[in-house]
Structures are given as C-alpha cells and as structure tokens.
file work-v4.txt (compact mmCIF, C-alpha atoms)
# COMPACT_ATOMS: atom_id res chain seq x y z
CA MET A 203 152.63 118.72 138.14
CA SER A 204 153.44 121.28 140.82
CA ALA A 205 151.02 124.07 141.69
CA LYS A 206 153.28 126.71 140.14
CA SER A 207 153.63 124.75 136.90
CA ALA A 208 149.86 124.35 136.79
CA ILE A 209 149.37 128.10 137.34
CA SER A 210 151.80 128.89 134.54
CA LYS A 211 150.03 126.54 132.16
CA GLU A 212 146.46 127.39 133.15
CA ILE A 213 146.59 131.12 133.91
CA PHE A 214 149.44 132.64 131.92
CA ALA A 215 150.25 130.44 128.90
CA PRO A 216 146.81 130.91 127.25
CA LEU A 217 147.40 134.69 127.25
CA ASP A 218 150.95 134.38 125.89
CA GLU A 219 152.37 135.38 129.25
CA ARG A 220 155.46 133.78 130.74
CA MET A 221 155.44 133.26 134.49
CA LEU A 222 158.79 134.33 135.89
CA GLY A 223 158.20 133.40 139.51
CA ALA A 224 155.58 132.82 142.18
CA VAL A 225 155.32 132.60 145.94
CA GLN A 226 152.57 131.01 148.01
CA VAL A 227 151.35 133.43 150.66
CA LYS A 228 148.76 134.14 153.30
CA ARG A 229 147.78 137.44 154.83
CA ARG A 230 149.44 138.65 158.01
CA THR A 231 146.36 140.63 158.87
CA LYS A 232 142.76 139.74 158.15
CA LYS A 233 141.21 141.71 155.34
CA LYS A 234 138.15 143.73 156.30
CA ILE A 235 135.06 142.31 154.59
CA PRO A 236 132.15 144.68 153.80
CA PHE A 237 129.06 144.13 155.94
CA LEU A 238 126.92 143.23 152.93
CA ALA A 239 129.42 140.79 151.43
CA THR A 240 128.06 137.26 151.65
CA GLY A 241 128.38 133.98 149.85
CA GLY A 242 132.13 133.47 150.22
CA GLN A 243 133.74 130.52 148.50
CA GLY A 244 135.44 129.12 151.59
CA GLU A 245 139.12 128.47 152.23
CA TYR A 246 141.68 129.03 149.49
CA LEU A 247 145.37 129.15 148.68
CA THR A 248 146.89 132.39 147.43
CA TYR A 249 149.85 132.86 145.10
CA ILE A 250 151.59 136.09 144.13
CA CYS A 251 152.88 135.62 140.59
CA LEU A 252 155.26 137.63 138.45
CA SER A 253 154.83 137.37 134.69
CA ALA A 254 155.96 138.99 131.45
CA THR A 255 153.90 139.47 128.31
CA SER A 256 155.29 138.50 124.93
CA GLN A 257 155.25 141.41 122.50
CA GLY A 258 156.10 139.46 119.35
CA VAL A 259 154.10 139.08 116.15
CA LEU A 260 153.13 135.50 117.02
CA ALA A 261 151.45 136.77 120.18
CA ALA A 262 149.55 139.32 118.12
CA ILE A 263 148.42 136.62 115.71
CA ARG A 264 147.17 134.44 118.56
CA ASN A 265 145.35 137.41 120.07
CA TRP A 266 143.68 138.14 116.73
CA LYS A 267 142.60 134.51 116.43
CA ARG A 268 141.11 134.52 119.92
CA GLN A 269 139.10 137.57 118.88
CA GLY A 270 137.87 135.77 115.75
CA THR A 271 139.97 137.91 113.42
CA ASP A 272 142.29 136.40 110.82
CA PHE A 273 145.84 137.62 110.54
CA PRO A 274 146.04 139.88 107.44
CA LEU A 275 148.22 137.93 105.05
CA GLU A 276 148.43 140.81 102.57
CA PRO A 277 149.90 144.27 103.24
CA PRO A 278 147.39 147.03 103.97
CA ALA A 279 146.22 149.32 101.20
CA ARG A 280 148.42 152.19 102.35
CA ARG A 281 152.08 151.64 101.58
CA TRP A 282 153.63 153.53 104.44
CA PRO A 283 156.71 151.85 105.98
CA SER A 284 154.86 151.49 109.28
CA ASP A 285 151.98 149.74 107.48
CA THR A 286 154.16 147.17 105.78
CA LEU A 287 156.48 146.50 108.72
CA PHE A 288 154.97 143.12 109.53
CA TRP A 289 155.33 141.94 105.94
CA THR A 290 159.01 142.69 105.48
CA SER A 291 161.50 139.84 105.20
CA GLY A 292 162.72 140.49 108.72
CA PHE A 293 159.34 140.37 110.47
CA GLN A 294 160.25 137.10 112.17
CA ASN A 295 162.84 139.00 114.18
CA LEU A 296 159.93 140.74 115.90
CA THR A 297 158.75 137.42 117.32
CA ASN A 298 161.99 137.23 119.28
CA LYS A 299 161.63 140.68 120.80
CA LYS A 300 162.17 140.52 124.54
CA PRO A 301 159.13 141.07 126.75
CA THR A 302 158.55 144.69 127.69
CA GLN A 303 155.53 144.39 129.96
CA ALA A 304 155.64 142.69 133.33
CA SER A 305 152.85 142.33 135.87
CA ILE A 306 152.11 140.99 139.34
CA THR A 307 149.01 138.83 139.66
CA LYS A 308 147.18 137.42 142.64
CA VAL A 309 146.01 133.87 141.88
CA LYS A 310 143.73 131.79 144.11
CA GLN A 311 142.83 128.11 144.33
CA PHE A 312 139.65 127.49 146.28
CA GLU A 313 139.16 124.50 148.54
CA GLY A 314 137.88 121.45 146.68
CA SER A 315 138.89 122.81 143.27
CA THR A 316 141.80 121.74 141.07
CA SER A 317 141.70 124.91 138.96
CA PHE A 318 143.16 128.33 139.62
CA VAL A 319 141.49 131.74 139.40
CA ARG A 320 143.13 135.00 138.40
CA ARG A 321 142.22 137.75 140.85
CA SER A 322 143.86 141.16 141.22
CA GLN A 323 146.57 142.23 138.81
CA TRP A 324 148.96 145.19 138.73
CA MET A 325 151.43 146.34 136.13
CA LEU A 326 154.98 146.30 137.43
CA GLU A 327 155.09 150.08 136.93
CA GLN A 328 152.43 150.39 139.66
CA LEU A 329 154.65 148.76 142.26
CA ARG A 330 156.02 151.44 144.56
CA GLN A 331 157.68 149.63 147.45
CA VAL A 332 158.83 146.15 148.41
CA ASN A 333 159.40 145.71 152.13
CA GLY A 334 161.40 142.68 153.29
CA ILE A 335 160.56 143.49 156.95
CA ASP A 336 163.92 142.38 158.44
CA PRO A 337 167.31 142.78 156.70
CA ASN A 338 169.20 140.94 159.44
CA ARG A 339 167.55 137.52 159.34
CA ASP A 340 165.60 135.17 157.11
CA SER A 341 161.96 136.13 157.35
CA ALA A 342 158.92 134.91 155.46
CA GLU A 343 157.06 138.21 155.97
CA PHE A 344 156.93 140.96 153.36
CA ASP A 345 154.80 143.90 152.20
CA LEU A 346 153.92 145.07 148.69
CA LEU A 347 152.83 148.67 148.13
CA PHE A 348 151.14 149.56 144.84
CA GLU A 349 149.64 152.83 143.63
CA ASN A 350 146.19 151.77 144.80
CA ALA A 351 146.76 148.82 147.10
CA PHE A 352 148.79 147.64 150.07
CA ASP A 353 149.11 144.04 151.21
CA GLN A 354 150.94 142.37 154.08
CA TRP A 355 151.95 138.78 153.38
CA VAL A 356 153.67 135.78 154.88
CA ALA A 357 155.30 133.40 152.40
CA SER A 358 155.13 129.65 152.93
CA THR A 359 158.88 129.67 153.64
CA ALA A 360 161.61 132.30 153.96
CA SER A 361 163.61 130.69 151.15
CA GLU A 362 160.62 130.86 148.80
CA LYS A 363 160.24 134.56 149.59
CA CYS A 364 163.97 135.10 149.01
CA THR A 365 163.82 133.45 145.58
CA PHE A 366 160.75 135.47 144.58
CA PHE A 367 162.36 138.72 145.75
CA GLN A 368 165.51 138.01 143.73
CA ILE A 369 163.44 137.42 140.59
CA LEU A 370 161.31 140.49 141.29
CA HIS A 371 164.32 142.73 141.85
CA HIS A 372 166.01 141.46 138.68
CA THR A 373 162.80 141.97 136.66
CA CYS A 374 162.42 145.54 137.93
CA GLN A 375 166.01 146.34 136.98
CA ARG A 376 165.55 144.83 133.53
CA TYR A 377 162.13 146.06 132.45
CA LEU A 378 161.61 149.34 134.30
CA THR A 379 163.54 152.33 133.01
CA ASP A 380 161.95 155.34 134.70
CA ARG A 381 160.41 154.80 138.10
CA LYS A 382 161.61 151.68 139.88
CA PRO A 383 160.13 150.45 143.17
CA GLU A 384 161.99 150.93 146.42
CA PHE A 385 163.32 147.78 148.07
CA ILE A 386 163.64 148.32 151.81
CA ASN A 387 164.59 146.10 154.75
CA CYS A 388 165.90 143.43 152.37
CA GLN A 389 168.89 141.17 152.90
CA SER A 390 171.88 141.77 150.62
CA LYS A 391 171.50 138.31 149.04
CA ILE A 392 168.05 139.33 147.84
CA MET A 393 169.23 142.42 145.98
CA GLY A 394 170.24 140.64 142.82
CA GLY A 395 172.64 138.28 144.58
CA ASN A 396 175.44 140.87 144.54
CA SER A 397 176.96 139.58 147.76
CA ILE A 398 177.02 136.08 146.31
CA LEU A 399 178.70 137.34 143.15
CA HIS A 400 181.23 139.31 145.16
CA SER A 401 181.95 136.29 147.32
CA ALA A 402 182.44 134.15 144.22
CA ALA A 403 184.72 136.79 142.69
CA ASP A 404 186.75 136.96 145.89
CA SER A 405 187.05 133.17 145.89
CA VAL A 406 188.24 133.15 142.30
CA THR A 407 190.73 135.95 143.00
CA SER A 408 192.02 134.08 146.04
CA ALA A 409 192.35 130.88 144.04
CA VAL A 410 194.28 132.70 141.27
CA GLN A 411 196.58 134.29 143.81
CA LYS A 412 197.25 130.94 145.47
CA ALA A 413 197.90 129.31 142.11
CA SER A 414 200.23 132.14 141.12
CA GLN A 415 202.09 131.84 144.41
CA ALA A 416 202.40 128.09 143.96
CA LEU A 417 203.78 128.57 140.45
CA ASN A 418 206.30 131.11 141.71
CA GLU A 419 207.42 128.75 144.48
CA ARG A 420 207.66 125.91 141.98
CA GLY A 421 209.66 128.12 139.66
CA GLU A 422 212.04 129.00 142.49
CA ARG A 423 212.47 125.32 143.36
CA LEU A 424 213.12 124.46 139.73
CA GLY A 425 215.61 127.30 139.53
CA ARG A 426 217.47 126.02 142.58
CA ALA A 427 217.41 122.49 141.15
CA GLU A 428 218.84 123.74 137.85
CA GLU A 429 221.62 125.54 139.74
CA LYS A 430 222.43 122.39 141.70
CA THR A 431 222.39 120.34 138.49
CA GLU A 432 224.74 122.80 136.83
CA ASP A 433 227.07 122.69 139.86
CA MET A 434 227.05 118.88 139.82
CA LYS A 435 227.77 118.93 136.09
CA ASN A 436 230.72 121.27 136.58
CA SER A 437 232.02 119.19 139.48
CA ALA A 438 231.76 116.01 137.41
CA GLN A 439 233.56 117.66 134.52
CA GLN A 440 236.35 118.88 136.79
CA PHE A 441 236.63 115.39 138.34
CA ALA A 442 236.87 113.84 134.89
CA GLU A 443 239.62 116.27 133.83
CA THR A 444 241.54 115.64 137.05
CA ALA A 445 241.24 111.88 136.63
CA HIS A 446 242.41 112.12 133.03
CA LYS A 447 245.46 114.16 134.03
CA LEU A 448 246.37 111.65 136.78
CA ALA A 449 245.98 108.78 134.34
CA MET A 450 248.30 110.48 131.79
CA LYS A 451 250.84 111.25 134.50
CA HIS A 452 251.03 107.64 135.73
CA LYS A 453 251.18 106.40 132.15
CA CYS A 454 254.24 108.48 131.47

call {"tool": "encode", "arguments": {"input": "work-v4.txt", "output": "structure tokens"}}
result
Amino acid sequence: MSAKSAISKEIFAPLDERMLGAVQVKRRTKKKIPFLATGGQGEYLTYICLSATSQGVLAAIRNWKRQGTDFPLEPPARRWPSDTLFWTSGFQNLTNKKPTQASITKVKQFEGSTSFVRRSQWMLEQLRQVNGIDPNRDSAEFDLLFENAFDQWVASTASEKCTFFQILHHTCQRYLTDRKPEFINCQSKIMGGNSILHSAADSVTSAVQKASQALNERGERLGRAEEKTEDMKNSAQQFAETAHKLAMKHKC
C-alpha cells in the first residue's frame, strides 16, 4: 500500500472524510523552534493533504455511534417538517449529497513509525493564496497562505506538485462560492487544465476540418468519375447506334 493510500485509510476514512489529493513536501526554510521546546520526535515525512467531508445521513449516524449515541429510529416528539426530515421516504437521497466542506491537513510520519499523525488543519475557506513560484517552468516549490499561517514548501517532484495544484484549484472552484483563494505564478496547465482542454479541442476541430476536406475531395473525384462514366455510356450508345445503321445499310 502506498503512503497516500495509507494516509487516506488511516487518517481520513475513520472520520468519513475522502482524501482528494496529497503531496509529499519539505520546508524550504527552517521553522523557528521556541527556546524552551525540547523532546522532539526526530526526523519525519510531511504530507499536505486535501480532503472533503461527507455531509450525508450515514456520516451523521457513524458520528453518533462514535459518540456512544444511537441513531433515533423514531421521529422526534415535535412534528415540524424540519424534525421529521430524516424519516421521510426520501431520506436516503441525503446520503448522496455532495461534500460541502473541504480542508487542508498537514500529516506527518515520524522516523521508525509506520503510522501517520494528523497535525495542523485548515478549512479551505481559510486559504487565501496559492503561489506556484514560477509560471514559466516546472518547479517543485510553492507557498500556501492561510488566514493565520504561511508555509513555504518544496514538493518531492514538480509533477506531484502540478497534480496537487490541479486538484486544489478544481476543489476551490467547486466548493467555494464566496471568497476563493488567489492562484499566482502558476503555469496554465495547473489552472484546471484549460490549456490542455483547448489543445484537445483544437485537435478535434482540426481533425474534423481535415475529414470534411477529405470528404469534399472524395465527392469531387466521385463526381468527375460519374461524369466520365456518363460520357463513356453516351459514347458507347452512339457507337452502337452507328454500328447498327452500318449493319442495316450493308444488309440492304
């Protein structure tokens, strides 16, 4: 099992969260450690993970069970529509409701340990800026600016950063309605893959145009062939009539 699959299973699945993407990182600059801080846990690997929380009824039931509370099988005493919503015949549709909360979580794996530890976490709404550092070349460096935090990272590879940025940008566009983070110094392929889509559209358009041109040329060739066939038919008919007349003349 890969590290990212293990993180998804160990950190997010138990809380009914779905991990959308992750990138392994290390700091570009050393974090200042308070003078009194001692007893560190040694070397570790760091992952920045993007996840979404399920808002369905099943998630609520599992949360109630984790808290030692049974799911109320009977409607509440008050018969307001809002009270009985979960007991209507269509309540199962709520379990399929798309996630509405997304978050970014810092996960660490300490040296000598096979488990992962959830560290800092921010709601996606707290993300203010995503800095790709260099829009003109593939770069593994990037910055994340939150309301109350700022981190400078280097991804394990530029391609891994690119994939994470694409997922992050898509998630922001999908789940944030009011204040969306600013993406700066990012390559066009990162911003939702628009350039890729445009390139694909151009390729399709070009292919259609070529196919249309080929059909037109084929149609013209067929038209010329039909004309030649008709001319040959007329010539053959005239030859047959002439031969018949000559035969009748010599017969007489």

call {"tool": "residues_around", "arguments": {"input": "work-v4.txt", "residues": "Ala215 (chain A)", "least_positions_apart": "3", "cutoff": "12 Å", "atoms": "all atoms listed in the file", "output": "CSV table (one decimal) with C-alpha atoms, keeping the file's coordinate frame"}}
result
chain,number,residue,atom,x,y,z
A,207,SER,CA,153.6,124.8,136.9
A,208,ALA,CA,149.9,124.4,136.8
A,209,ILE,CA,149.4,128.1,137.3
A,210,SER,CA,151.8,128.9,134.5
A,211,LYS,CA,150.0,126.5,132.2
A,212,GLU,CA,146.5,127.4,133.2
A,218,ASP,CA,151.0,134.4,125.9
A,219,GLU,CA,152.4,135.4,129.2
A,220,ARG,CA,155.5,133.8,130.7
A,221,MET,CA,155.4,133.3,134.5
A,222,LEU,CA,158.8,134.3,135.9
A,253,SER,CA,154.8,137.4,134.7
A,254,ALA,CA,156.0,139.0,131.4
A,255,THR,CA,153.9,139.5,128.3
A,256,SER,CA,155.3,138.5,124.9
A,261,ALA,CA,151.4,136.8,120.2
A,264,ARG,CA,147.2,134.4,118.6

call {"tool": "atom_distance", "arguments": {"input": "work-v4.txt", "atom1": "CA of Gln331 (chain A)", "atom2": "CA of Phe385 (chain A)"}}
result
6.0 Å

call {"tool": "residues_around", "arguments": {"input": "work-v4.txt", "residues": "Ala357 (chain A)", "least_positions_apart": "5", "cutoff": "12 Å", "atoms": "all atoms listed in the file", "output": "ChimeraX atom specification"}}
result
/A:224-230,247-250,334,340-345,362-367

call {"tool": "residues_around", "arguments": {"input": "work-v4.txt", "residues": "Lys232 (chain A)", "least_positions_apart": "4", "cutoff": "12 Å", "atoms": "only C-alpha atoms", "output": "PyMOL selection string"}}
result
chain A and resi 228+353-355

call {"tool": "atom_distance", "arguments": {"input": "work-v4.txt", "atom1": "CA of Thr307 (chain A)", "atom2": "CA of Asn338 (chain A)"}}
result
28.3 Å

call {"tool": "atom_distance", "arguments": {"input": "work-v4.txt", "atom1": "CA of Lys206 (chain A)", "atom2": "CA of His372 (chain A)"}}
result
19.5 Å

call {"tool": "axis_aligned_box", "arguments": {"input": "work-v4.txt", "around": "region 433-445 of chain A", "padding_each_side": "5 Å", "output": "JSON"}}
result
{"center_x": 234.3, "center_y": 117.3, "center_z": 136.8, "size_x": 24.5, "size_y": 20.8, "size_z": 16.0}

call {"tool": "closest_residue", "arguments": {"input": "work-v4.txt", "among": "A:Ile213, A:Leu370, A:Leu378, A:Ile335", "to": "Lys308 (chain A)", "atoms": "all atoms listed in the file"}}
result
A:Ile213
